[in-house]
file protein_37.cif (mmCIF, C-alpha atoms)
data_structure
#
loop_
_atom_site.label_atom_id
_atom_site.label_comp_id
_atom_site.auth_asym_id
_atom_site.auth_seq_id
_atom_site.Cartn_x
_atom_site.Cartn_y
_atom_site.Cartn_z
CA MET A 1 76.56 62.90 38.57
CA THR A 2 75.91 59.38 39.77
CA TYR A 3 75.76 58.37 43.41
CA LYS A 4 78.82 56.21 42.90
CA LYS A 5 80.92 59.20 41.79
CA ILE A 6 79.64 61.32 44.68
CA PHE A 7 80.47 58.52 47.12
CA ILE A 8 84.02 58.22 45.74
CA ILE A 9 84.60 61.99 45.97
CA VAL A 10 83.30 62.12 49.55
CA PHE A 11 85.42 59.10 50.48
CA VAL A 12 88.59 60.70 49.03
CA ILE A 13 87.91 63.97 50.90
CA ILE A 14 87.37 62.16 54.21
CA ALA A 15 90.49 60.03 53.69
CA ALA A 16 92.58 63.11 52.86
CA PHE A 17 91.28 64.92 55.94
CA TYR A 18 92.18 61.92 58.10
CA VAL A 19 95.70 61.59 56.70
CA PHE A 20 96.57 65.29 56.68
CA LYS A 21 94.74 66.64 59.74
CA VAL A 22 94.27 63.74 62.16
CA LYS A 23 97.55 61.94 61.46
CA GLY A 24 99.48 65.18 60.91
CA PHE A 25 101.03 64.06 57.62
CA ASN A 26 102.37 66.94 55.58
CA PRO A 27 104.38 66.07 52.47
CA PHE A 28 105.50 69.70 52.17
CA GLU A 29 107.35 69.83 55.49
CA LYS A 30 111.02 70.76 55.18
CA LYS A 31 113.71 69.18 57.30
CA ILE A 32 115.87 71.55 59.35
CA LYS A 33 119.49 70.45 59.65
CA SER A 34 120.32 69.27 63.16
CA ASP A 35 124.02 70.19 63.06
CA ILE A 36 123.43 73.96 63.07
CA ILE A 37 125.57 75.61 65.73
CA LEU A 38 123.79 78.35 67.67
CA THR A 39 125.55 81.02 69.73
CA ALA A 40 123.85 81.76 73.05
CA LEU A 41 123.90 85.25 74.57
CA ASP A 42 126.54 84.11 77.05
CA GLY A 43 128.79 83.09 74.12
CA LYS A 44 128.29 79.36 74.59
CA LYS A 45 127.98 77.41 71.35
CA MET A 46 125.43 74.60 71.12
CA SER A 47 124.02 72.45 68.36
CA LEU A 48 120.38 72.57 67.39
CA ASP A 49 119.99 69.01 68.68
CA GLU A 50 121.16 70.12 72.14
CA CYS A 51 118.42 72.76 72.16
CA THR A 52 115.61 70.61 70.82
CA GLY A 53 112.83 69.55 73.15
CA GLU A 54 111.72 65.95 73.50
CA ASN A 55 108.54 66.72 71.53
CA GLY A 56 109.79 69.58 69.38
CA THR A 57 110.88 73.17 69.39
CA VAL A 58 109.32 76.56 68.76
CA PHE A 59 111.63 79.31 67.50
CA PHE A 60 110.75 82.93 67.76
CA ILE A 61 113.01 85.30 65.86
CA MET A 62 112.72 88.83 67.23
CA GLY A 63 114.35 92.21 66.81
CA THR A 64 115.20 94.73 69.48
CA TRP A 65 113.68 97.54 67.36
CA CYS A 66 110.36 95.74 66.84
CA PRO A 67 107.36 96.91 68.94
CA TYR A 68 105.36 93.85 67.83
CA CYS A 69 108.07 91.55 69.21
CA SER A 70 107.59 93.00 72.70
CA ARG A 71 103.89 92.20 72.59
CA GLU A 72 104.52 88.77 71.09
CA VAL A 73 106.95 87.75 73.83
CA GLU A 74 104.45 88.68 76.53
CA GLN A 75 101.84 86.44 74.89
CA ILE A 76 104.32 83.60 74.45
CA LYS A 77 105.19 83.73 78.14
CA THR A 78 101.57 82.83 78.95
CA LEU A 79 102.18 79.51 77.15
CA ASN A 80 105.31 78.60 79.09
CA ASP A 81 103.56 76.01 81.30
CA PHE A 82 102.05 74.39 78.19
CA PHE A 83 105.49 74.20 76.56
CA LYS A 84 107.12 72.77 79.71
CA SER A 85 104.42 70.17 80.36
CA ASN A 86 104.55 68.98 76.73
CA LYS A 87 108.37 68.96 76.63
CA ILE A 88 108.57 71.55 73.87
CA ASN A 89 111.64 73.79 74.03
CA VAL A 90 111.41 77.51 73.31
CA LEU A 91 114.26 79.19 71.44
CA ILE A 92 114.47 82.91 70.92
CA GLY A 93 116.69 84.19 68.13
CA MET A 94 117.51 87.84 68.74
CA LYS A 95 118.50 90.38 66.12
CA GLY A 96 119.94 93.70 67.20
CA ASN A 97 122.72 96.18 66.53
CA THR A 98 124.90 95.34 69.53
CA TYR A 99 125.30 92.71 72.22
CA GLU A 100 124.33 95.29 74.87
CA GLU A 101 121.14 96.21 73.02
CA ILE A 102 120.10 92.56 72.81
CA GLN A 103 120.97 91.87 76.48
CA SER A 104 118.99 94.90 77.60
CA TRP A 105 115.95 93.86 75.53
CA VAL A 106 116.04 90.30 76.86
CA SER A 107 116.38 91.38 80.50
CA ARG A 108 113.55 93.93 80.14
CA HIS A 109 111.26 91.15 78.93
CA ASP A 110 112.24 88.71 81.70
CA PHE A 111 112.35 85.51 79.65
CA PRO A 112 111.50 82.33 81.58
CA TRP A 113 114.55 80.43 82.81
CA ASN A 114 113.94 77.46 80.51
CA TRP A 115 114.01 79.47 77.25
CA LYS A 116 117.26 79.42 75.32
CA THR A 117 118.19 82.72 73.72
CA PHE A 118 120.76 83.05 70.96
CA TYR A 119 122.01 85.59 68.45
CA TRP A 120 120.16 85.36 65.15
CA PHE A 121 122.71 85.57 62.36
CA ASN A 122 121.59 86.05 58.76
CA ALA A 123 123.30 82.75 57.86
CA TYR A 124 120.64 80.90 59.90
CA GLU A 125 117.99 81.96 57.42
CA LYS A 126 119.37 79.49 54.89
CA ASP A 127 119.93 76.79 57.54
CA PHE A 128 116.31 77.01 58.70
CA ASN A 129 114.95 77.11 55.14
CA ILE A 130 113.16 80.39 55.71
CA ASP A 131 113.03 83.74 53.99
CA ILE A 132 112.84 86.25 56.80
CA ASN A 133 112.16 89.80 55.72
CA ARG A 134 110.72 91.01 59.00
CA VAL A 135 110.23 90.05 62.60
CA PRO A 136 108.69 88.56 64.62
CA TYR A 137 109.05 85.23 62.89
CA LEU A 138 107.86 81.84 64.16
CA VAL A 139 109.26 78.45 63.16
CA ILE A 140 107.96 75.21 64.63
CA ARG A 141 110.15 72.10 64.34
CA ASN A 142 108.77 68.72 65.40
CA LYS A 143 110.79 66.04 67.20
CA ASN A 144 111.71 64.50 63.83
CA GLY A 145 113.39 67.70 62.66
CA LYS A 146 110.62 68.65 60.25
CA MET A 147 109.48 72.25 60.01
CA THR A 148 105.72 72.12 60.54
CA PHE A 149 105.14 75.89 60.48
CA ASN A 150 106.97 79.07 59.53
CA LYS A 151 105.57 82.54 59.19
CA SER A 152 106.49 86.13 59.81
CA GLY A 153 104.22 88.53 61.63
CA THR A 154 102.53 88.51 65.00
CA LEU A 155 100.30 85.64 66.07
CA HIS A 156 97.77 85.39 68.87
CA TYR A 157 98.83 83.06 71.70
CA LYS A 158 95.80 80.82 71.04
CA HIS A 159 96.98 80.35 67.46
CA ILE A 160 100.49 79.49 68.68
CA SER A 161 99.00 76.97 71.12
CA GLU A 162 96.98 75.35 68.30
CA LEU A 163 100.07 75.15 66.09
CA ALA A 164 102.05 73.51 68.89
CA GLN A 165 99.24 71.01 69.50
CA ASP A 166 99.19 70.20 65.78
CA MET A 167 102.95 69.61 65.98
CA LEU A 168 102.42 67.21 68.89
CA LYS A 169 99.85 65.29 66.81
CA SER A 170 102.30 65.07 63.92
CA ASN A 171 104.84 63.43 66.26
CA ASN A 172 102.66 60.33 66.59
#
call {"tool": "encode", "arguments": {"input": "protein_37.cif", "output": "structure tokens"}}
result
Amino acid sequence: MTYKKIFIIVFVIIAAFYVFKVKGFNPFEKKIKSDIILTALDGKKMSLDECTGENGTVFFIMGTWCPYCSREVEQIKTLNDFFKSNKINVLIGMKGNTYEEIQSWVSRHDFPWNWKTFYWFNAYEKDFNIDINRVPYLVIRNKNGKMTFNKSGTLHYKHISELAQDMLKSNN
């Protein structure tokens, strides 16, 4: 291979890294509709736009039966100051058999006052463009309404922090 070909390949790789990683461009991001109506635990209805933070939103979908969700919420709470200082809203979508079961789970885990908690209905799965087969589930939506991350399973709080920082970079 000639030096010219090697130079071109290296240049393309560096350019791609810059565009995708540094600038946060992701052509595969899906847009999440902003007119989705969420139902809070107190029965109040609100649109997704009303719940969205200035710099984006992280959604955690959890189930009352899930032992991993209990551990995940404790780790997420350690990031609350990071979320507040970066103007990222936290939404918790709760799945459970009854209202009382969900209320009990939420109060046992003492969610921070600034988190919005709503019932997770199966219809939301289509609205959020996700296929959720198990919980916990994490969806990150940037300030432009693009889904920058979605995955089921537990994540370490450092990984969640890195994902949120990547979302902040993609806002620029």
call {"tool": "resolve_selection", "arguments": {"input": "protein_37.cif", "expression": "the PyMOL selection byres ((chain A and resi 60) around 6)", "output": "MDAnalysis selection string"}}
result
chainID A and resid 59 61 92 137:138
call {"tool": "closest_residue", "arguments": {"input": "protein_37.cif", "among": "A:Thr64, A:Thr148, A:Ser161, A:Thr98", "to": "Arg134 of chain A", "atoms": "only C-alpha atoms"}}
result
A:Thr64
call {"tool": "closest_residue", "arguments": {"input": "protein_37.cif", "among": "A:Ile140, A:Ala164, A:Ile88, A:Ile102", "to": "Trp115 of chain A", "atoms": "all atoms listed in the file"}}
result
A:Ile88
call {"tool": "resolve_selection", "arguments": {"input": "protein_37.cif", "expression": "the PyMOL selection byres ((chain A and resi 52) around 9)", "output": "PDB file with C-alpha atoms, keeping the file's coordinate frame"}}
result
ATOM      1  CA  SER A  47     124.020  72.450  68.360  1.00  0.00           C
ATOM      2  CA  LEU A  48     120.380  72.570  67.390  1.00  0.00           C
ATOM      3  CA  ASP A  49     119.990  69.010  68.680  1.00  0.00           C
ATOM      4  CA  GLU A  50     121.160  70.120  72.140  1.00  0.00           C
ATOM      5  CA  CYS A  51     118.420  72.760  72.160  1.00  0.00           C
ATOM      6  CA  GLY A  53     112.830  69.550  73.150  1.00  0.00           C
ATOM      7  CA  GLU A  54     111.720  65.950  73.500  1.00  0.00           C
ATOM      8  CA  ASN A  55     108.540  66.720  71.530  1.00  0.00           C
ATOM      9  CA  GLY A  56     109.790  69.580  69.380  1.00  0.00           C
ATOM     10  CA  THR A  57     110.880  73.170  69.390  1.00  0.00           C
ATOM     11  CA  VAL A  58     109.320  76.560  68.760  1.00  0.00           C
ATOM     12  CA  ILE A  88     108.570  71.550  73.870  1.00  0.00           C
ATOM     13  CA  ASN A  89     111.640  73.790  74.030  1.00  0.00           C
ATOM     14  CA  VAL A  90     111.410  77.510  73.310  1.00  0.00           C
ATOM     15  CA  LEU A  91     114.260  79.190  71.440  1.00  0.00           C
ATOM     16  CA  ARG A 141     110.150  72.100  64.340  1.00  0.00           C
ATOM     17  CA  ASN A 142     108.770  68.720  65.400  1.00  0.00           C
ATOM     18  CA  LYS A 143     110.790  66.040  67.200  1.00  0.00           C
ATOM     19  CA  GLY A 145     113.390  67.700  62.660  1.00  0.00           C
TER      20      GLY A 145
END
call {"tool": "atom_distance", "arguments": {"input": "protein_37.cif", "atom1": "atom CA of Lys95 of chain A", "atom2": "atom CA of Met46 of chain A"}}
result
17.9 Å
call {"tool": "residues_around", "arguments": {"input": "protein_37.cif", "residues": "Phe128 of chain A", "least_positions_apart": "4", "cutoff": "12 Å", "atoms": "all atoms listed in the file", "output": "JSON, numbers by chain"}}
result
{"A": [29, 30, 31, 32, 33, 34, 35, 36, 37, 38, 48, 59, 61, 93, 120, 121, 122, 123, 124, 132, 137, 138, 139, 140, 141, 145, 146, 147, 148, 149, 150]}
call {"tool": "atom_distance", "arguments": {"input": "protein_37.cif", "atom1": "atom CA of Lys44 of chain A", "atom2": "atom CA of Lys84 of chain A"}}
result
22.8 Å
call {"tool": "build_atoms", "arguments": {"input": "protein_37.cif", "residues": "segment 30-60 of chain A", "atoms": "N, CA and C atoms", "output": "mmCIF file, in the frame of the given file"}}
result
data_model
loop_
_atom_site.group_PDB
_atom_site.id
_atom_site.type_symbol
_atom_site.label_atom_id
_atom_site.label_comp_id
_atom_site.auth_asym_id
_atom_site.auth_seq_id
_atom_site.Cartn_x
_atom_site.Cartn_y
_atom_site.Cartn_z
ATOM 1 N N LYS A 30 109.590 70.735 55.485
ATOM 2 C CA LYS A 30 111.020 70.760 55.180
ATOM 3 C C LYS A 30 111.788 70.330 56.415
ATOM 4 N N LYS A 31 112.861 69.623 56.204
ATOM 5 C CA LYS A 31 113.710 69.180 57.300
ATOM 6 C C LYS A 31 114.687 70.307 57.629
ATOM 7 N N ILE A 32 114.886 70.564 58.905
ATOM 8 C CA ILE A 32 115.870 71.550 59.350
ATOM 9 C C ILE A 32 117.095 70.779 59.797
ATOM 10 N N LYS A 33 118.255 71.149 59.276
ATOM 11 C CA LYS A 33 119.490 70.450 59.650
ATOM 12 C C LYS A 33 119.666 70.463 61.159
ATOM 13 N N SER A 34 120.153 69.358 61.701
ATOM 14 C CA SER A 34 120.320 69.270 63.160
ATOM 15 C C SER A 34 121.713 69.706 63.606
ATOM 16 N N ASP A 35 122.650 69.854 62.666
ATOM 17 C CA ASP A 35 124.020 70.190 63.060
ATOM 18 C C ASP A 35 124.297 71.693 63.040
ATOM 19 N N ILE A 36 123.261 72.504 63.017
ATOM 20 C CA ILE A 36 123.430 73.960 63.070
ATOM 21 C C ILE A 36 123.974 74.329 64.439
ATOM 22 N N ILE A 37 124.991 75.159 64.459
ATOM 23 C CA ILE A 37 125.570 75.610 65.730
ATOM 24 C C ILE A 37 125.018 76.994 66.046
ATOM 25 N N LEU A 38 124.376 77.099 67.199
ATOM 26 C CA LEU A 38 123.790 78.350 67.670
ATOM 27 C C LEU A 38 124.712 78.986 68.693
ATOM 28 N N THR A 39 124.730 80.300 68.752
ATOM 29 C CA THR A 39 125.550 81.020 69.730
ATOM 30 C C THR A 39 124.615 81.682 70.737
ATOM 31 N N ALA A 40 124.683 81.207 71.977
ATOM 32 C CA ALA A 40 123.850 81.760 73.050
ATOM 33 C C ALA A 40 124.346 83.150 73.432
ATOM 34 N N LEU A 41 123.516 83.891 74.160
ATOM 35 C CA LEU A 41 123.900 85.250 74.570
ATOM 36 C C LEU A 41 125.125 85.264 75.471
ATOM 37 N N ASP A 42 125.357 84.164 76.196
ATOM 38 C CA ASP A 42 126.540 84.110 77.050
ATOM 39 C C ASP A 42 127.786 83.662 76.278
ATOM 40 N N GLY A 43 127.661 83.477 74.953
ATOM 41 C CA GLY A 43 128.790 83.090 74.120
ATOM 42 C C GLY A 43 128.943 81.591 73.930
ATOM 43 N N LYS A 44 128.190 80.810 74.693
ATOM 44 C CA LYS A 44 128.290 79.360 74.590
ATOM 45 C C LYS A 44 127.719 78.897 73.248
ATOM 46 N N LYS A 45 128.431 77.979 72.620
ATOM 47 C CA LYS A 45 127.980 77.410 71.350
ATOM 48 C C LYS A 45 127.279 76.090 71.631
ATOM 49 N N MET A 46 126.159 75.850 70.942
ATOM 50 C CA MET A 46 125.430 74.600 71.120
ATOM 51 C C MET A 46 124.797 74.206 69.797
ATOM 52 N N SER A 47 124.650 72.908 69.592
ATOM 53 C CA SER A 47 124.020 72.450 68.360
ATOM 54 C C SER A 47 122.507 72.533 68.505
ATOM 55 N N LEU A 48 121.836 72.539 67.385
ATOM 56 C CA LEU A 48 120.380 72.570 67.390
ATOM 57 C C LEU A 48 119.820 71.364 68.137
ATOM 58 N N ASP A 49 120.452 70.212 67.972
ATOM 59 C CA ASP A 49 119.990 69.010 68.680
ATOM 60 C C ASP A 49 120.048 69.179 70.195
ATOM 61 N N GLU A 50 121.050 69.887 70.691
ATOM 62 C CA GLU A 50 121.160 70.120 72.140
ATOM 63 C C GLU A 50 120.026 71.007 72.646
ATOM 64 N N CYS A 51 119.468 71.823 71.776
ATOM 65 C CA CYS A 51 118.420 72.760 72.160
ATOM 66 C C CYS A 51 117.016 72.229 71.917
ATOM 67 N N THR A 52 116.910 71.112 71.234
ATOM 68 C CA THR A 52 115.610 70.610 70.820
ATOM 69 C C THR A 52 114.905 69.910 71.976
ATOM 70 N N GLY A 53 113.625 70.192 72.126
ATOM 71 C CA GLY A 53 112.830 69.550 73.150
ATOM 72 C C GLY A 53 112.471 68.122 72.764
ATOM 73 N N GLU A 54 112.084 67.351 73.738
ATOM 74 C CA GLU A 54 111.720 65.950 73.500
ATOM 75 C C GLU A 54 110.596 65.818 72.466
ATOM 76 N N ASN A 55 109.668 66.765 72.463
ATOM 77 C CA ASN A 55 108.540 66.720 71.530
ATOM 78 C C ASN A 55 108.573 67.814 70.473
ATOM 79 N N GLY A 56 109.667 68.549 70.401
ATOM 80 C CA GLY A 56 109.790 69.580 69.380
ATOM 81 C C GLY A 56 110.262 70.903 69.939
ATOM 82 N N THR A 57 110.335 71.866 69.041
ATOM 83 C CA THR A 57 110.880 73.170 69.390
ATOM 84 C C THR A 57 110.089 74.267 68.689
ATOM 85 N N VAL A 58 109.862 75.363 69.397
ATOM 86 C CA VAL A 58 109.320 76.560 68.760
ATOM 87 C C VAL A 58 110.405 77.628 68.792
ATOM 88 N N PHE A 59 110.635 78.253 67.641
ATOM 89 C CA PHE A 59 111.630 79.310 67.500
ATOM 90 C C PHE A 59 110.894 80.607 67.253
ATOM 91 N N PHE A 60 111.253 81.602 68.004
ATOM 92 C CA PHE A 60 110.750 82.930 67.760
ATOM 93 C C PHE A 60 111.945 83.802 67.427
#
